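> Input run.cif, format and content: mmCIF, C-alpha atoms.
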data_target
loop_
_atom_site.label_atom_id
_atom_site.label_comp_id
_atom_site.auth_asym_id
_atom_site.auth_seq_id
_atom_site.Cartn_x
_atom_site.Cartn_y
_atom_site.Cartn_z
CA MET A 1 -18.47 -213.14 -132.89
CA LEU A 2 -19.75 -209.60 -132.90
CA GLN A 3 -20.68 -207.55 -135.89
CA LEU A 4 -21.71 -203.91 -135.72
CA GLU A 5 -23.75 -201.96 -138.23
CA LYS A 6 -24.18 -198.21 -138.07
CA GLN A 7 -27.11 -196.47 -139.64
CA LYS A 8 -28.14 -192.83 -139.70
CA LYS A 9 -31.78 -191.92 -139.89
CA GLY A 10 -32.49 -188.24 -139.45
CA THR A 11 -31.09 -187.22 -136.09
CA ASN A 12 -31.12 -190.79 -134.85
CA ASP A 13 -28.04 -192.86 -134.87
CA LEU A 14 -28.71 -196.53 -134.91
CA LEU A 15 -26.17 -199.12 -133.89
CA ARG A 16 -27.09 -202.72 -134.62
CA LEU A 17 -25.38 -205.42 -132.57
CA ILE A 18 -25.22 -208.78 -134.28
CA GLY A 19 -23.96 -211.81 -132.38
CA GLU A 20 -22.37 -211.98 -128.95
CA VAL A 21 -20.59 -209.41 -126.81
CA ASP A 22 -18.02 -210.78 -124.37
CA ALA A 23 -14.61 -209.88 -122.93
CA SER A 24 -12.92 -210.71 -126.24
CA ASN A 25 -14.75 -208.07 -128.27
CA SER A 26 -16.35 -205.49 -125.95
CA LEU A 27 -13.65 -203.02 -126.97
CA ILE A 28 -15.13 -202.92 -130.49
CA LEU A 29 -18.46 -201.84 -129.03
CA ASP A 30 -16.72 -199.28 -126.85
CA GLN A 31 -14.90 -197.79 -129.85
CA ALA A 32 -18.06 -197.66 -131.97
CA ILE A 33 -19.91 -195.71 -129.27
CA GLN A 34 -16.92 -193.42 -128.79
CA GLU A 35 -16.91 -192.65 -132.53
CA LEU A 36 -20.62 -191.88 -132.51
CA ILE A 37 -20.18 -189.46 -129.62
CA GLN A 38 -17.39 -187.70 -131.49
CA GLU A 39 -19.64 -187.39 -134.54
CA GLY A 40 -22.03 -185.48 -132.28
CA ILE A 41 -25.19 -187.51 -131.79
CA SER A 42 -28.35 -186.56 -129.91
CA THR A 43 -29.95 -189.99 -129.78
CA LEU A 44 -28.43 -193.41 -129.83
CA LEU A 45 -30.74 -196.27 -130.66
CA ILE A 46 -29.28 -199.70 -130.09
CA ASP A 47 -30.85 -202.46 -132.14
CA GLY A 48 -30.44 -205.54 -129.96
CA SER A 49 -32.75 -207.81 -131.92
CA LYS A 50 -29.81 -209.81 -133.29
CA LEU A 51 -27.86 -209.79 -130.03
CA THR A 52 -27.78 -213.33 -128.69
CA TYR A 53 -25.51 -212.84 -125.69
CA ILE A 54 -23.93 -210.12 -123.60
CA SER A 55 -21.62 -210.54 -120.62
CA SER A 56 -20.59 -207.98 -118.00
CA ALA A 57 -17.85 -206.76 -120.34
CA GLY A 58 -20.49 -205.49 -122.77
CA LEU A 59 -22.89 -204.27 -120.09
CA GLY A 60 -20.00 -202.37 -118.54
CA VAL A 61 -19.50 -200.49 -121.80
CA PHE A 62 -23.06 -199.16 -121.69
CA MET A 63 -22.75 -198.38 -117.98
CA SER A 64 -19.54 -196.44 -118.48
CA TYR A 65 -21.26 -194.02 -120.89
CA LEU A 66 -24.41 -193.31 -118.89
CA GLU A 67 -22.99 -190.31 -117.03
CA GLU A 68 -21.48 -188.82 -120.18
CA PHE A 69 -24.76 -189.27 -122.07
CA LYS A 70 -26.58 -187.50 -119.26
CA GLU A 71 -24.12 -184.59 -119.30
CA LYS A 72 -24.27 -184.23 -123.08
CA GLY A 73 -28.02 -184.72 -123.32
CA ILE A 74 -27.74 -187.83 -125.45
CA SER A 75 -30.64 -190.21 -125.08
CA LEU A 76 -29.92 -193.91 -125.25
CA VAL A 77 -32.65 -196.43 -126.04
CA ILE A 78 -32.16 -200.16 -126.57
CA PHE A 79 -34.77 -202.12 -128.49
CA GLY A 80 -35.56 -205.64 -129.61
CA LEU A 81 -33.70 -207.61 -126.93
CA ASN A 82 -34.68 -211.26 -126.68
CA ASP A 83 -36.00 -212.55 -123.34
CA GLN A 84 -32.75 -214.14 -122.23
CA VAL A 85 -30.64 -211.05 -122.86
CA LYS A 86 -33.27 -208.70 -121.42
CA GLU A 87 -33.31 -210.78 -118.23
CA VAL A 88 -29.55 -210.15 -117.81
CA PHE A 89 -30.13 -206.37 -117.98
CA LYS A 90 -32.87 -206.83 -115.38
CA ILE A 91 -30.72 -208.84 -112.96
CA LEU A 92 -28.42 -205.83 -112.72
CA GLY A 93 -31.27 -203.32 -112.63
CA LEU A 94 -30.02 -201.77 -115.88
CA ASP A 95 -33.60 -201.70 -117.15
CA LYS A 96 -34.13 -198.90 -114.61
CA LEU A 97 -31.28 -196.86 -116.08
CA ILE A 98 -31.67 -197.54 -119.81
CA PRO A 99 -35.06 -197.65 -121.55
CA LEU A 100 -35.52 -201.12 -123.05
CA VAL A 101 -38.32 -201.12 -125.59
CA ILE A 102 -39.82 -203.66 -127.90
CA ASP A 103 -38.94 -202.41 -131.39
CA GLN A 104 -37.58 -199.51 -133.44
CA VAL A 105 -40.94 -197.76 -133.71
CA ALA A 106 -41.24 -197.76 -129.92
CA ALA A 107 -37.62 -196.63 -129.61
CA GLU A 108 -38.20 -193.66 -131.90
CA ALA A 109 -41.39 -192.77 -130.06
CA HIS A 110 -39.56 -192.97 -126.77
CA ARG A 111 -36.91 -190.56 -128.02
CA HIS A 112 -39.56 -187.89 -128.46
CA GLU A 113 -40.79 -188.40 -124.94
CA VAL A 114 -37.48 -187.54 -123.32
CA MET B 1 -23.68 -236.94 -115.79
CA LYS B 2 -20.14 -235.61 -115.80
CA TYR B 3 -18.41 -233.43 -118.37
CA LYS B 4 -14.95 -231.94 -118.57
CA LEU B 5 -13.37 -229.13 -120.55
CA HIS B 6 -9.86 -227.71 -120.61
CA LEU B 7 -9.95 -224.07 -121.52
CA SER B 8 -6.99 -222.10 -122.80
CA CYS B 9 -6.46 -218.79 -120.95
CA GLN B 10 -7.40 -216.37 -123.71
CA THR B 11 -10.61 -214.41 -124.12
CA SER B 12 -11.22 -215.92 -127.55
CA ALA B 13 -11.81 -219.25 -125.75
CA LEU B 14 -14.96 -217.85 -124.11
CA SER B 15 -17.12 -218.67 -127.12
CA GLU B 16 -15.85 -222.26 -126.97
CA LEU B 17 -16.87 -222.28 -123.30
CA ARG B 18 -20.39 -221.13 -124.18
CA THR B 19 -20.75 -223.82 -126.84
CA PHE B 20 -19.63 -226.45 -124.30
CA LEU B 21 -22.05 -225.17 -121.65
CA HIS B 22 -24.88 -224.94 -124.13
CA GLY B 23 -24.44 -228.62 -124.95
CA THR B 24 -23.98 -229.89 -121.41
CA LEU B 25 -26.62 -227.75 -119.72
CA PHE B 26 -29.13 -228.77 -122.37
CA GLU B 27 -29.80 -231.94 -120.39
CA VAL B 28 -30.50 -230.32 -117.03
CA GLN B 29 -33.92 -229.32 -115.74
CA LEU B 30 -33.55 -225.59 -116.19
CA ASN B 31 -35.50 -223.37 -118.52
CA ASP B 32 -33.87 -221.38 -121.35
CA ILE B 33 -33.52 -218.23 -119.27
CA GLU B 34 -31.92 -220.06 -116.32
CA ARG B 35 -29.58 -221.96 -118.65
CA HIS B 36 -28.53 -218.69 -120.27
CA GLN B 37 -27.85 -217.19 -116.84
CA VAL B 38 -25.82 -220.13 -115.57
CA THR B 39 -23.74 -219.95 -118.77
CA LEU B 40 -23.18 -216.26 -118.11
CA ALA B 41 -22.17 -216.79 -114.47
CA VAL B 42 -19.64 -219.49 -115.40
CA GLU B 43 -18.25 -217.29 -118.16
CA GLU B 44 -17.88 -214.36 -115.75
CA VAL B 45 -15.79 -216.46 -113.37
CA CYS B 46 -13.67 -217.87 -116.20
CA ALA B 47 -13.17 -214.46 -117.85
CA ASN B 48 -12.02 -213.12 -114.50
CA LEU B 49 -9.48 -215.92 -114.12
CA ILE B 50 -8.27 -215.63 -117.71
CA ILE B 51 -7.74 -211.88 -117.53
CA HIS B 52 -6.69 -211.29 -113.92
CA SER B 53 -5.12 -214.52 -112.66
CA HIS B 54 -3.54 -215.70 -115.90
CA SER B 55 -2.94 -212.42 -117.79
CA CYS B 56 -4.41 -214.00 -120.95
CA ASN B 57 -1.55 -216.48 -121.32
CA PRO B 58 -2.92 -219.08 -123.77
CA LYS B 59 -0.43 -221.69 -122.55
CA GLU B 60 -2.13 -221.79 -119.17
CA LYS B 61 -5.32 -223.76 -118.71
CA ILE B 62 -8.50 -223.70 -116.68
CA GLU B 63 -10.33 -226.94 -116.03
CA LEU B 64 -14.08 -227.19 -115.93
CA GLU B 65 -16.15 -230.05 -114.65
CA ILE B 66 -19.92 -230.21 -114.73
CA LEU B 67 -21.67 -232.52 -112.33
CA LYS B 68 -25.35 -233.10 -111.93
CA ASN B 69 -27.17 -234.62 -109.00
CA ARG B 70 -30.81 -234.84 -107.95
CA LYS B 71 -30.81 -231.35 -106.48
CA GLY B 72 -29.02 -229.36 -109.10
CA VAL B 73 -26.00 -228.78 -111.24
CA ILE B 74 -22.48 -228.03 -109.98
CA ILE B 75 -19.84 -226.38 -112.11
CA GLU B 76 -16.35 -226.84 -110.76
CA ILE B 77 -13.71 -224.47 -112.09
CA THR B 78 -10.10 -225.36 -111.28
CA ASP B 79 -7.00 -223.35 -112.02
CA GLN B 80 -3.47 -222.90 -110.76
CA GLY B 81 -3.11 -219.15 -110.98
CA GLU B 82 -3.19 -216.54 -108.29
CA ALA B 83 -6.17 -217.36 -106.10
CA PHE B 84 -9.21 -215.22 -106.72
CA ASN B 85 -11.85 -215.90 -104.11
CA LEU B 86 -15.09 -214.42 -105.27
CA LEU B 87 -16.45 -214.65 -101.72
CA ASP B 88 -13.87 -212.13 -100.51
CA TYR B 89 -15.40 -209.49 -102.74
CA ASP B 90 -18.61 -207.72 -101.91
CA ALA B 91 -20.86 -207.16 -104.88
CA PRO B 92 -20.78 -203.39 -105.38
CA GLU B 93 -23.89 -201.28 -105.74
CA LEU B 94 -24.77 -200.51 -109.33
CA LYS B 95 -24.61 -196.80 -108.65
CA GLN B 96 -21.08 -197.18 -107.36
CA VAL B 97 -20.06 -199.05 -110.53
CA MET B 98 -21.51 -196.25 -112.62
CA GLU B 99 -20.00 -193.35 -110.72
CA GLU B 100 -16.57 -194.85 -110.44
CA LYS B 101 -16.74 -196.09 -114.03
CA ARG B 102 -15.35 -199.38 -112.81
CA LYS B 103 -15.97 -202.17 -115.22
CA GLY B 104 -14.97 -205.05 -112.98
CA GLY B 105 -17.74 -205.18 -110.43
CA LEU B 106 -20.63 -206.14 -112.69
CA GLY B 107 -19.49 -209.73 -113.20
CA ILE B 108 -19.39 -210.35 -109.46
CA ILE B 109 -22.91 -208.98 -109.03
CA LEU B 110 -24.14 -211.28 -111.80
CA VAL B 111 -22.50 -214.42 -110.40
CA LYS B 112 -23.81 -213.76 -106.89
CA LYS B 113 -27.33 -213.04 -108.09
CA ILE B 114 -27.55 -215.95 -110.52
CA MET B 115 -26.02 -218.84 -108.57
CA ASP B 116 -27.59 -220.47 -105.50
CA GLY B 117 -24.23 -221.40 -104.02
CA ILE B 118 -20.60 -220.38 -104.42
CA GLU B 119 -17.78 -222.31 -102.77
CA PHE B 120 -14.08 -221.67 -102.97
CA GLU B 121 -11.08 -223.63 -101.82
CA SER B 122 -7.40 -223.24 -102.43
CA LYS B 123 -4.83 -225.89 -101.58
CA ASN B 124 -1.53 -227.22 -102.95
CA GLY B 125 -1.45 -224.46 -105.53
CA LYS B 126 -4.86 -225.38 -106.89
CA ASN B 127 -7.90 -223.16 -106.68
CA ILE B 128 -11.35 -224.62 -106.99
CA CYS B 129 -14.42 -222.47 -107.45
CA ARG B 130 -17.71 -224.36 -107.25
CA LEU B 131 -20.85 -222.78 -108.64
CA ILE B 132 -24.12 -224.41 -107.66
CA LYS B 133 -27.54 -223.98 -109.26
CA ASN B 134 -30.47 -225.79 -107.71
CA PHE B 135 -33.25 -227.15 -109.87
CA PRO B 136 -36.63 -225.55 -109.26
CA SER B 137 -38.50 -227.69 -106.71
#
Kindly present the structure from the file in structure tokens form.

Amino acid sequence: MLQLEKQKKGTNDLLRLIGEVDASNSLILDQAIQELIQEGISTLLIDGSKLTYISSAGLGVFMSYLEEFKEKGISLVIFGLNDQVKEVFKILGLDKLIPLVIDQVAAEAHRHEV
Amino acid sequence: MKYKLHLSCQTSALSELRTFLHGTLFEVQLNDIERHQVTLAVEEVCANLIIHSHSCNPKEKIELEILKNRKGVIIEITDQGEAFNLLDYDAPELKQVMEEKRKGGLGIILVKKIMDGIEFESKNGKNICRLIKNFPS
């Protein structure tokens, strides 16, 4: 089960992932990100504090947008991942491509750095 | 210890698979992070079979068997679809996955990095993929 919550805070767009992302529902995540891009975002903060599981289907969604984000100058920051989920990002080396920070405050601070 | 599960070939069955693995792997000497990773690797192989070898046909089934011995845990995944031998595929570089926007390669990287052993055999129309995780010594 995956539930998504969108929240706007200033120029930040926050997308909260609640539950598990796998091959059965990764399309929902893909569509949500697509919609946000169309709305014209400058920063996308992903709240992963309630994300309990993510498989390659979900990781692939993030990967597939990295180039486009770079071209459009959109900064992506993921925060709040639990240890198990963070470890999966690390196995793939995704922590080198996407900033993974501890909480929303750190995520917002990070946005100003880039 | 020996457990069995018959999984219907649809992606909605993946959460059932995780629940099953969570219960059975609970008994093995792995920590939470390792258990989470083994669950992920098994799911990656099953998702691959469900989507590519069985075209998400819920009438077709995949069989899972979990065996434990002194050295580690073995997850045996049996199906009768088109053979997909993980060992025939090189894990792509992450950069390659990103540039080509291919979404398929990530699962293979994960399985190869997480598991200590991968075996594959195909005979009499049956494919068996064996994933092995050794206990920390």
> Within 12 Å of chain A, which residues of chain B are there when counting all atoms listed in the file? Please give them as an MDAnalysis selection string.
chainID B and resid 9:18 31:51 56 91:115
> Quick one: residues within 10 Å of His6 of chain B, all atoms listed in the file counted, chain neighbours fewer than 2 positions away excluded, as a VMD selection string?
chain B and resid 4 8 to 9 17 60 to 65 77 to 78
> Atom CA of Leu51 of chain A and atom CA of Leu2 of chain A, how far apart in Å?
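Rounded to one decimal, the two atoms are 8.6 Å apart.
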> Check what the PyMOL selection byres ((chain A and resi 41) around 10) selects in the file above and give those residues as a VMD selection string.
chain A and resid 8 11 to 13 35 to 40 42 to 44 69 72 to 75
> Need to verify the contact set: segment 116-118 of chain B, 8 Å, only C-alpha atoms, exclusion of same-chain residues closer than 4 positions in sequence. Can you return it as a ChimeraX atom specification?
/B:87,112,129-134
> Could you turn the residues from that selection into a file that holds C-alpha atoms, as an mmCIF file, in the coordinates of the input?

data_model
loop_
_atom_site.group_PDB
_atom_site.id
_atom_site.type_symbol
_atom_site.label_atom_id
_atom_site.label_comp_id
_atom_site.auth_asym_id
_atom_site.auth_seq_id
_atom_site.Cartn_x
_atom_site.Cartn_y
_atom_site.Cartn_z
ATOM 1 C CA LEU B 87 -16.450 -214.650 -101.720
ATOM 2 C CA LYS B 112 -23.810 -213.760 -106.890
ATOM 3 C CA CYS B 129 -14.420 -222.470 -107.450
ATOM 4 C CA ARG B 130 -17.710 -224.360 -107.250
ATOM 5 C CA LEU B 131 -20.850 -222.780 -108.640
ATOM 6 C CA ILE B 132 -24.120 -224.410 -107.660
ATOM 7 C CA LYS B 133 -27.540 -223.980 -109.260
ATOM 8 C CA ASN B 134 -30.470 -225.790 -107.710
#
> Find the distance between atom CA of Gly81 of chain B and atom CA of Ser53 of chain B and write it in Å to one decimal.
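Going from atom CA of Gly81 of chain B over to atom CA of Ser53 of chain B, I get 5.3 Å.
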> When you draw a straight line from atom CA of Leu27 of chain A to atom CA of Thr52 of chain A, how long is it in Å?
17.6 Å
